[in-house]
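Engineer: Input: one structure, supplied below.
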Amino acid sequence: MTCAGGPWSAIDADLLIVPLFQGEGTAAIADLDAATGGDLGRALATKEFQAKPYELSFATIADKTWRTRRVMIIGGGSAERGTDLVRKLASAAGLAARQRSVARAAFVVRGSAAAADLAQAVAEGLTLAEFYGGTYKTDDPPPAASPVWTVVASDAADGAAVQAQLAVARGRILGECSNLARELSNEPGNVLPPREFARRATALASEAGVKTEILDETQIEALGMGLLLGVGRGSAEPPRVMVFRYDPPGAPATPVLGLVGKGITFDTGGISIKPAEKMEQMKDDMAGGAAVACAMRAIALLKAPMRVIGIVPTAENMPGGKAIRPGDVLTSASGKTVEVINTDAEGRLILGDGLWYARQLGATHLVDVATLTGAVVVALGKVTSGIFGAPDSWVERVRAVANRAGDRAWPLPLFDEYKDQIRSDIADLMNTGGRAAGSITAAMFLKEFAGDLPWAHLDIAGTAWADEAKPFLPKGPSGVAVRTLANLAFERFDAQG
Ligand code: BES
Ligand code: MN
Ligand code: ZN
């Protein structure tokens, strides 16, 4: 992926892709329209092409002084022209170009935000379009190779192109790390049990220079992580804890960003077993853990200025003769005791020990990411992650970074009254709080393990997997939260966030 400035006529590619927003008309692309002999203008005039979001229109460039012969206009709609939309337009264009086996494609950066931000979003979007989830198919032809891309800087000036070059490299890394997380989430439960997940996820990070460690069941036991051990007990596959440490030379001692991800490689529900319908989907119950591992990789590749710790507790939630039962009481590493009401509320259990360990290792600011509750899908659907935490300033910062990264999140409250729903008669806490406010009571449970640190929790149960294909996102794993977590390591924050 390279970056070019200069006039569009000088771009050498097989397909030139240009976004056009509703209401712009051909005035915005007058030279290009002229080069097509007015074809684009006619398509707009007859309303054959209306620049609706993701609408495509193709034309031949007849003007022989242009180096590219074909152009694809992609509609941008009229609502907004920021990085979020531009990232999606680039993804949709990338998918369309790949489908048509285009070998060399150029995408023109157009939109309203800083040029470098737009160029980065374009590079992210084009890279996201390269994900392929069909690796286990043996009788389908493998997909055509993705096009080789030129990102065409919005401004003709050379300086803008050079500046965009760095933005493009950044966007490329963030897109690739998102795709690596998608690959991990896409793996079936039999291929990726906790030990294999830990092997692959730590390898991805250590290749980039992150210090990694995998704690086995003996070490987990020695740390007293009774919640993680309890969840893992029903499975023949032992639990693990991945530890990632990014310590750039010369970084200040604080802040230390602590990232914690849920790594349930398959969630049957355990003894409180789930219905068969859609259970296969529970192979992606480690999407939060994959996001943390791949964000650690991105953080190192991008040379973030601050120290970062990543913790991914991973286990398989299975029924069995050794499995925990409803009513069992487990003791967490923090010392708090938990009455297990429903073994299917396992994510909050392993995260409780994970959050404690991140604090133990010196994190000063916490963010956890988890496919935690079906209830968040009821509340916010498949388009928005739930965000929870304290103080508000920290939650708002994480939310803002997430929105800029294209990982939309919206806050839900953690009022003290909700705590009543998870009080147990015989232990400190229960692991479920009934049907009401299911995502909030899950977050209230996590809060008990975050100590006094600024802490934000992203519930990605609805956003980690797309059930329906969109023009900019195929069915399957989305890679949500990788870019958010990576970008957070470039923020400047104080003790309150
Ligand atoms: N992994 C699930 C949450 C989930 C549900 C993710 C749907 C993606 C799609 C989680 O472990 C779970 O089972 N949560 C239960 C909690 C309940 C027992 C309190 C749920 O949401 O039903
Ligand atoms: Mn569960
Ligand atoms: Zn789960």
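Just so we're on the same page: first chain in the structure tokens is A, next is B, and so on; residues restart at 1 for each chain, and ligands are numbered from 1 in the order they show up.
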Select from chain A every residue with an atom at most 6 Å from any atom of ligand 1, then for each give the shortest pair of atoms and their distance in Å to one decimal, using only C-alpha atoms and all ligand atoms, rows by chain and rising number, as a Markdown table.
Structural biologist:
```
| residue | atom | partner | partner_atom_place_in_ligand_line | distance |
| --- | --- | --- | --- | --- |
| A:Gly269 | CA | ligand 1 | 13 (O) | 5.9 |
| A:Asp285 | CA | ligand 1 | 1 (N) | 5.4 |
| A:Asn342 | CA | ligand 1 | 18 (C) | 5.6 |
| A:Asp344 | CA | ligand 1 | 13 (O) | 4.5 |
| A:Ala345 | CA | ligand 1 | 16 (C) | 4.3 |
| A:Glu346 | CA | ligand 1 | 11 (O) | 5.4 |
| A:Gly347 | CA | ligand 1 | 11 (O) | 5.1 |
| A:Thr371 | CA | ligand 1 | 6 (C) | 4.7 |
| A:Leu372 | CA | ligand 1 | 3 (C) | 4.5 |
| A:Thr373 | CA | ligand 1 | 21 (O) | 3.5 |
| A:Gly374 | CA | ligand 1 | 21 (O) | 3.6 |
| A:Ala375 | CA | ligand 1 | 21 (O) | 5.5 |
| A:Thr432 | CA | ligand 1 | 19 (C) | 5.0 |
| A:Ala461 | CA | ligand 1 | 8 (C) | 4.1 |
```
Engineer: Which residues sit within 12 Å of ligand 3, counting only C-alpha atoms and all ligand atoms, listed as an MDAnalysis selection string?
Structural biologist: chainID A and resid 231 261:270 272:274 279 281:289 314:318 342:351 370:374 442 459:461
Engineer: Generate the output file for the selected residues, C-alpha atoms, as a short mmCIF file (atom, residue, chain, number, x, y, z; two decimals), in the first residue's frame.
Structural biologist:
```
data_model
loop_
_atom_site.label_atom_id
_atom_site.label_comp_id
_atom_site.auth_asym_id
_atom_site.auth_seq_id
_atom_site.Cartn_x
_atom_site.Cartn_y
_atom_site.Cartn_z
CA VAL A 231 -14.77 -21.79 35.01
CA GLY A 261 -9.84 -9.31 27.47
CA LYS A 262 -12.31 -12.17 27.89
CA GLY A 263 -10.85 -15.34 26.39
CA ILE A 264 -13.52 -18.02 26.54
CA THR A 265 -12.56 -20.21 23.57
CA PHE A 266 -15.98 -21.86 23.62
CA ASP A 267 -18.97 -21.10 25.82
CA THR A 268 -21.43 -23.99 26.15
CA GLY A 269 -22.82 -22.33 29.26
CA GLY A 270 -21.44 -25.15 31.41
CA SER A 272 -26.38 -24.11 33.06
CA ILE A 273 -26.09 -25.24 29.45
CA LYS A 274 -27.19 -23.04 26.54
CA MET A 279 -24.59 -22.22 20.20
CA GLN A 281 -21.62 -18.79 17.62
CA MET A 282 -20.01 -19.13 21.04
CA LYS A 283 -16.66 -19.89 19.38
CA ASP A 284 -16.11 -16.13 19.28
CA ASP A 285 -16.43 -15.70 23.03
CA MET A 286 -12.70 -14.90 23.04
CA ALA A 287 -13.07 -11.87 20.75
CA GLY A 288 -12.22 -9.49 23.61
CA GLY A 289 -9.06 -11.46 24.38
CA THR A 314 -8.61 -17.96 28.75
CA ALA A 315 -10.68 -21.08 29.45
CA GLU A 316 -13.29 -23.31 27.86
CA ASN A 317 -16.72 -23.28 29.55
CA MET A 318 -17.93 -26.89 29.47
CA ASN A 342 -25.54 -19.53 36.68
CA THR A 343 -22.44 -21.17 35.20
CA ASP A 344 -23.21 -19.39 31.91
CA ALA A 345 -22.24 -16.08 33.53
CA GLU A 346 -18.58 -17.18 33.24
CA GLY A 347 -17.08 -14.15 31.52
CA ARG A 348 -17.37 -11.88 34.55
CA LEU A 349 -15.76 -14.60 36.66
CA ILE A 350 -12.58 -14.92 34.62
CA LEU A 351 -12.42 -11.14 34.13
CA ALA A 370 -15.70 -8.81 26.58
CA THR A 371 -18.50 -10.55 24.71
CA LEU A 372 -20.20 -10.44 28.07
CA THR A 373 -24.00 -10.35 27.87
CA GLY A 374 -26.86 -11.14 25.52
CA ALA A 442 -22.55 -7.84 34.84
CA ASP A 459 -19.43 -5.14 26.24
CA ILE A 460 -18.93 -6.26 22.62
CA ALA A 461 -21.42 -9.18 22.62
#
```
Engineer: Could you give me the residues within stretch 119-346 of chain A that DSSP places in strand (DSSP E), as a PDB file with N, CA, C and O atoms, in the first residue's frame?
Structural biologist:
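Dumped to result.pdb:
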```
ATOM      1  N   VAL A 148      -3.409  -4.384  -5.144  1.00  0.00           N
ATOM      2  CA  VAL A 148      -2.332  -3.549  -4.606  1.00  0.00           C
ATOM      3  C   VAL A 148      -2.863  -2.116  -4.633  1.00  0.00           C
ATOM      4  O   VAL A 148      -3.352  -1.653  -5.662  1.00  0.00           O
ATOM      5  N   TRP A 149      -2.775  -1.426  -3.490  1.00  0.00           N
ATOM      6  CA  TRP A 149      -3.457  -0.149  -3.348  1.00  0.00           C
ATOM      7  C   TRP A 149      -2.536   1.065  -3.425  1.00  0.00           C
ATOM      8  O   TRP A 149      -1.431   1.041  -2.885  1.00  0.00           O
ATOM      9  N   THR A 150      -3.055   2.090  -4.051  1.00  0.00           N
ATOM     10  CA  THR A 150      -2.470   3.419  -3.917  1.00  0.00           C
ATOM     11  C   THR A 150      -3.524   4.295  -3.243  1.00  0.00           C
ATOM     12  O   THR A 150      -4.664   4.357  -3.708  1.00  0.00           O
ATOM     13  N   VAL A 151      -3.141   4.900  -2.146  1.00  0.00           N
ATOM     14  CA  VAL A 151      -4.034   5.869  -1.505  1.00  0.00           C
ATOM     15  C   VAL A 151      -3.664   7.234  -2.066  1.00  0.00           C
ATOM     16  O   VAL A 151      -2.514   7.664  -1.965  1.00  0.00           O
ATOM     17  N   VAL A 152      -4.625   7.872  -2.700  1.00  0.00           N
ATOM     18  CA  VAL A 152      -4.340   9.145  -3.361  1.00  0.00           C
ATOM     19  C   VAL A 152      -4.683  10.284  -2.404  1.00  0.00           C
ATOM     20  O   VAL A 152      -5.843  10.454  -2.020  1.00  0.00           O
ATOM     21  N   LYS A 211       6.784  -8.186  25.402  1.00  0.00           N
ATOM     22  CA  LYS A 211       7.183  -9.294  26.287  1.00  0.00           C
ATOM     23  C   LYS A 211       5.935 -10.075  26.657  1.00  0.00           C
ATOM     24  O   LYS A 211       4.943  -9.497  27.101  1.00  0.00           O
ATOM     25  N   THR A 212       5.968 -11.391  26.455  1.00  0.00           N
ATOM     26  CA  THR A 212       4.773 -12.183  26.742  1.00  0.00           C
ATOM     27  C   THR A 212       5.104 -13.358  27.645  1.00  0.00           C
ATOM     28  O   THR A 212       6.255 -13.810  27.723  1.00  0.00           O
ATOM     29  N   GLU A 213       4.078 -13.835  28.308  1.00  0.00           N
ATOM     30  CA  GLU A 213       4.207 -14.933  29.241  1.00  0.00           C
ATOM     31  C   GLU A 213       2.869 -15.674  29.213  1.00  0.00           C
ATOM     32  O   GLU A 213       1.823 -15.050  29.036  1.00  0.00           O
ATOM     33  N   ILE A 214       2.907 -16.990  29.386  1.00  0.00           N
ATOM     34  CA  ILE A 214       1.666 -17.768  29.485  1.00  0.00           C
ATOM     35  C   ILE A 214       1.671 -18.493  30.828  1.00  0.00           C
ATOM     36  O   ILE A 214       2.564 -19.320  31.067  1.00  0.00           O
ATOM     37  N   LEU A 215       0.733 -18.152  31.695  1.00  0.00           N
ATOM     38  CA  LEU A 215       0.663 -18.816  32.998  1.00  0.00           C
ATOM     39  C   LEU A 215      -0.136 -20.112  32.852  1.00  0.00           C
ATOM     40  O   LEU A 215      -1.224 -20.116  32.267  1.00  0.00           O
ATOM     41  N   ARG A 240      -5.554 -20.899  30.872  1.00  0.00           N
ATOM     42  CA  ARG A 240      -4.264 -20.209  30.791  1.00  0.00           C
ATOM     43  C   ARG A 240      -4.507 -18.732  31.086  1.00  0.00           C
ATOM     44  O   ARG A 240      -5.638 -18.242  30.966  1.00  0.00           O
ATOM     45  N   VAL A 241      -3.433 -18.013  31.427  1.00  0.00           N
ATOM     46  CA  VAL A 241      -3.500 -16.552  31.480  1.00  0.00           C
ATOM     47  C   VAL A 241      -2.371 -16.015  30.613  1.00  0.00           C
ATOM     48  O   VAL A 241      -1.207 -16.379  30.806  1.00  0.00           O
ATOM     49  N   MET A 242      -2.721 -15.197  29.625  1.00  0.00           N
ATOM     50  CA  MET A 242      -1.684 -14.532  28.827  1.00  0.00           C
ATOM     51  C   MET A 242      -1.342 -13.210  29.487  1.00  0.00           C
ATOM     52  O   MET A 242      -2.233 -12.478  29.918  1.00  0.00           O
ATOM     53  N   VAL A 243      -0.041 -12.937  29.550  1.00  0.00           N
ATOM     54  CA  VAL A 243       0.423 -11.673  30.107  1.00  0.00           C
ATOM     55  C   VAL A 243       1.271 -10.982  29.044  1.00  0.00           C
ATOM     56  O   VAL A 243       2.195 -11.580  28.494  1.00  0.00           O
ATOM     57  N   PHE A 244       0.918  -9.754  28.736  1.00  0.00           N
ATOM     58  CA  PHE A 244       1.645  -8.964  27.738  1.00  0.00           C
ATOM     59  C   PHE A 244       2.220  -7.732  28.433  1.00  0.00           C
ATOM     60  O   PHE A 244       1.515  -7.063  29.183  1.00  0.00           O
ATOM     61  N   ARG A 245       3.488  -7.444  28.158  1.00  0.00           N
ATOM     62  CA  ARG A 245       4.088  -6.239  28.741  1.00  0.00           C
ATOM     63  C   ARG A 245       4.776  -5.434  27.643  1.00  0.00           C
ATOM     64  O   ARG A 245       5.685  -5.938  26.978  1.00  0.00           O
ATOM     65  N   TYR A 246       4.331  -4.212  27.478  1.00  0.00           N
ATOM     66  CA  TYR A 246       4.974  -3.297  26.525  1.00  0.00           C
ATOM     67  C   TYR A 246       5.598  -2.168  27.323  1.00  0.00           C
ATOM     68  O   TYR A 246       4.905  -1.399  27.977  1.00  0.00           O
ATOM     69  N   VAL A 256       0.235   3.514  33.421  1.00  0.00           N
ATOM     70  CA  VAL A 256       0.368   2.181  32.838  1.00  0.00           C
ATOM     71  C   VAL A 256      -1.033   1.733  32.445  1.00  0.00           C
ATOM     72  O   VAL A 256      -1.898   1.519  33.297  1.00  0.00           O
ATOM     73  N   LEU A 257      -1.232   1.652  31.148  1.00  0.00           N
ATOM     74  CA  LEU A 257      -2.549   1.239  30.645  1.00  0.00           C
ATOM     75  C   LEU A 257      -2.686  -0.277  30.812  1.00  0.00           C
ATOM     76  O   LEU A 257      -1.812  -1.033  30.404  1.00  0.00           O
ATOM     77  N   GLY A 258      -3.771  -0.712  31.435  1.00  0.00           N
ATOM     78  CA  GLY A 258      -4.016  -2.142  31.643  1.00  0.00           C
ATOM     79  C   GLY A 258      -5.196  -2.604  30.808  1.00  0.00           C
ATOM     80  O   GLY A 258      -6.318  -2.130  30.996  1.00  0.00           O
ATOM     81  N   LEU A 259      -4.946  -3.500  29.858  1.00  0.00           N
ATOM     82  CA  LEU A 259      -5.997  -4.004  28.971  1.00  0.00           C
ATOM     83  C   LEU A 259      -6.316  -5.444  29.360  1.00  0.00           C
ATOM     84  O   LEU A 259      -5.414  -6.271  29.484  1.00  0.00           O
ATOM     85  N   VAL A 260      -7.592  -5.744  29.551  1.00  0.00           N
ATOM     86  CA  VAL A 260      -7.999  -7.082  29.975  1.00  0.00           C
ATOM     87  C   VAL A 260      -9.068  -7.585  29.005  1.00  0.00           C
ATOM     88  O   VAL A 260     -10.029  -6.865  28.711  1.00  0.00           O
ATOM     89  N   GLY A 261      -8.891  -8.799  28.469  1.00  0.00           N
ATOM     90  CA  GLY A 261      -9.843  -9.310  27.474  1.00  0.00           C
ATOM     91  C   GLY A 261     -10.378 -10.680  27.852  1.00  0.00           C
ATOM     92  O   GLY A 261      -9.637 -11.536  28.331  1.00  0.00           O
ATOM     93  N   GLY A 263     -11.348 -14.325  27.312  1.00  0.00           N
ATOM     94  CA  GLY A 263     -10.848 -15.337  26.388  1.00  0.00           C
ATOM     95  C   GLY A 263     -11.510 -16.693  26.559  1.00  0.00           C
ATOM     96  O   GLY A 263     -10.827 -17.697  26.755  1.00  0.00           O
ATOM     97  N   ILE A 264     -12.835 -16.726  26.490  1.00  0.00           N
ATOM     98  CA  ILE A 264     -13.525 -18.020  26.542  1.00  0.00           C
ATOM     99  C   ILE A 264     -13.506 -18.618  25.127  1.00  0.00           C
ATOM    100  O   ILE A 264     -14.145 -18.082  24.216  1.00  0.00           O
ATOM    101  N   THR A 265     -12.743 -19.686  24.929  1.00  0.00           N
ATOM    102  CA  THR A 265     -12.556 -20.214  23.572  1.00  0.00           C
ATOM    103  C   THR A 265     -13.803 -20.920  23.071  1.00  0.00           C
ATOM    104  O   THR A 265     -14.001 -21.046  21.862  1.00  0.00           O
ATOM    105  N   PHE A 266     -14.632 -21.418  23.984  1.00  0.00           N
ATOM    106  CA  PHE A 266     -15.982 -21.856  23.617  1.00  0.00           C
ATOM    107  C   PHE A 266     -16.849 -21.813  24.862  1.00  0.00           C
ATOM    108  O   PHE A 266     -16.437 -22.270  25.923  1.00  0.00           O
ATOM    109  N   ASP A 267     -18.055 -21.266  24.678  1.00  0.00           N
ATOM    110  CA  ASP A 267     -18.975 -21.100  25.820  1.00  0.00           C
ATOM    111  C   ASP A 267     -20.231 -21.946  25.612  1.00  0.00           C
ATOM    112  O   ASP A 267     -21.157 -21.535  24.922  1.00  0.00           O
ATOM    113  N   ARG A 307       3.649   2.871  28.776  1.00  0.00           N
ATOM    114  CA  ARG A 307       3.695   1.465  29.180  1.00  0.00           C
ATOM    115  C   ARG A 307       2.288   0.871  29.107  1.00  0.00           C
ATOM    116  O   ARG A 307       1.313   1.530  29.460  1.00  0.00           O
ATOM    117  N   VAL A 308       2.194  -0.374  28.666  1.00  0.00           N
ATOM    118  CA  VAL A 308       0.900  -1.048  28.549  1.00  0.00           C
ATOM    119  C   VAL A 308       1.051  -2.486  29.033  1.00  0.00           C
ATOM    120  O   VAL A 308       2.046  -3.156  28.717  1.00  0.00           O
ATOM    121  N   ILE A 309       0.068  -2.925  29.820  1.00  0.00           N
ATOM    122  CA  ILE A 309       0.003  -4.325  30.258  1.00  0.00           C
ATOM    123  C   ILE A 309      -1.264  -4.937  29.680  1.00  0.00           C
ATOM    124  O   ILE A 309      -2.331  -4.317  29.719  1.00  0.00           O
ATOM    125  N   GLY A 310      -1.154  -6.141  29.142  1.00  0.00           N
ATOM    126  CA  GLY A 310      -2.346  -6.848  28.669  1.00  0.00           C
ATOM    127  C   GLY A 310      -2.520  -8.147  29.441  1.00  0.00           C
ATOM    128  O   GLY A 310      -1.535  -8.849  29.695  1.00  0.00           O
ATOM    129  N   ILE A 311      -3.747  -8.449  29.820  1.00  0.00           N
ATOM    130  CA  ILE A 311      -4.055  -9.696  30.536  1.00  0.00           C
ATOM    131  C   ILE A 311      -5.218 -10.380  29.815  1.00  0.00           C
ATOM    132  O   ILE A 311      -6.277  -9.777  29.639  1.00  0.00           O
ATOM    133  N   VAL A 312      -5.020 -11.618  29.413  1.00  0.00           N
ATOM    134  CA  VAL A 312      -6.113 -12.372  28.796  1.00  0.00           C
ATOM    135  C   VAL A 312      -6.269 -13.719  29.503  1.00  0.00           C
ATOM    136  O   VAL A 312      -5.527 -14.664  29.238  1.00  0.00           O
ATOM    137  N   PRO A 313      -7.232 -13.797  30.445  1.00  0.00           N
ATOM    138  CA  PRO A 313      -7.555 -15.101  31.019  1.00  0.00           C
ATOM    139  C   PRO A 313      -8.322 -15.905  29.976  1.00  0.00           C
ATOM    140  O   PRO A 313      -9.213 -15.363  29.309  1.00  0.00           O
ATOM    141  N   THR A 314      -7.929 -17.167  29.772  1.00  0.00           N
ATOM    142  CA  THR A 314      -8.613 -17.964  28.753  1.00  0.00           C
ATOM    143  C   THR A 314      -8.960 -19.343  29.296  1.00  0.00           C
ATOM    144  O   THR A 314      -8.159 -19.963  30.004  1.00  0.00           O
ATOM    145  N   ALA A 315     -10.186 -19.787  28.983  1.00  0.00           N
ATOM    146  CA  ALA A 315     -10.683 -21.080  29.445  1.00  0.00           C
ATOM    147  C   ALA A 315     -11.781 -21.524  28.502  1.00  0.00           C
ATOM    148  O   ALA A 315     -12.263 -20.740  27.674  1.00  0.00           O
ATOM    149  N   GLU A 316     -12.155 -22.800  28.625  1.00  0.00           N
ATOM    150  CA  GLU A 316     -13.289 -23.312  27.859  1.00  0.00           C
ATOM    151  C   GLU A 316     -14.401 -23.610  28.859  1.00  0.00           C
ATOM    152  O   GLU A 316     -14.157 -24.293  29.865  1.00  0.00           O
ATOM    153  N   ASN A 317     -15.600 -23.099  28.603  1.00  0.00           N
ATOM    154  CA  ASN A 317     -16.716 -23.276  29.553  1.00  0.00           C
ATOM    155  C   ASN A 317     -17.534 -24.498  29.142  1.00  0.00           C
ATOM    156  O   ASN A 317     -18.324 -24.429  28.206  1.00  0.00           O
ATOM    157  N   VAL A 329     -19.541 -21.996  45.672  1.00  0.00           N
ATOM    158  CA  VAL A 329     -18.900 -20.735  46.054  1.00  0.00           C
ATOM    159  C   VAL A 329     -17.427 -20.799  45.672  1.00  0.00           C
ATOM    160  O   VAL A 329     -16.734 -21.762  45.996  1.00  0.00           O
ATOM    161  N   LEU A 330     -16.978 -19.787  44.944  1.00  0.00           N
ATOM    162  CA  LEU A 330     -15.579 -19.704  44.506  1.00  0.00           C
ATOM    163  C   LEU A 330     -14.910 -18.521  45.196  1.00  0.00           C
ATOM    164  O   LEU A 330     -15.550 -17.502  45.469  1.00  0.00           O
ATOM    165  N   THR A 331     -13.609 -18.659  45.453  1.00  0.00           N
ATOM    166  CA  THR A 331     -12.850 -17.549  46.036  1.00  0.00           C
ATOM    167  C   THR A 331     -11.936 -16.963  44.971  1.00  0.00           C
ATOM    168  O   THR A 331     -11.147 -17.683  44.346  1.00  0.00           O
ATOM    169  N   THR A 337     -15.480 -13.562  47.673  1.00  0.00           N
ATOM    170  CA  THR A 337     -16.110 -14.850  47.380  1.00  0.00           C
ATOM    171  C   THR A 337     -17.330 -14.637  46.499  1.00  0.00           C
ATOM    172  O   THR A 337     -18.021 -13.616  46.604  1.00  0.00           O
ATOM    173  N   VAL A 338     -17.580 -15.628  45.638  1.00  0.00           N
ATOM    174  CA  VAL A 338     -18.670 -15.512  44.661  1.00  0.00           C
ATOM    175  C   VAL A 338     -19.524 -16.775  44.685  1.00  0.00           C
ATOM    176  O   VAL A 338     -19.011 -17.888  44.553  1.00  0.00           O
ATOM    177  N   GLU A 339     -20.828 -16.576  44.857  1.00  0.00           N
ATOM    178  CA  GLU A 339     -21.767 -17.686  44.708  1.00  0.00           C
ATOM    179  C   GLU A 339     -22.151 -17.775  43.229  1.00  0.00           C
ATOM    180  O   GLU A 339     -22.670 -16.803  42.666  1.00  0.00           O
TER     181      GLU A 339
END
```
Engineer: From a DSSP pass on the backbone, collect the residues of stretch 159-353 of chain A flagged as alpha helix (DSSP H) and hand them back as a ChimeraX atom specification.
Structural biologist: /A:159-186,194-207,217-222,226-232,287-301,347-353
Engineer: Might you pull out every residue within 6 Å of A:Thr384, with only C-alpha atoms counted and same-chain residues fewer than 4 positions away left off, and present them as a list in words?
Structural biologist: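 Residues meeting the cut-off are Leu380, Arg408 and Ala409 of chain A.
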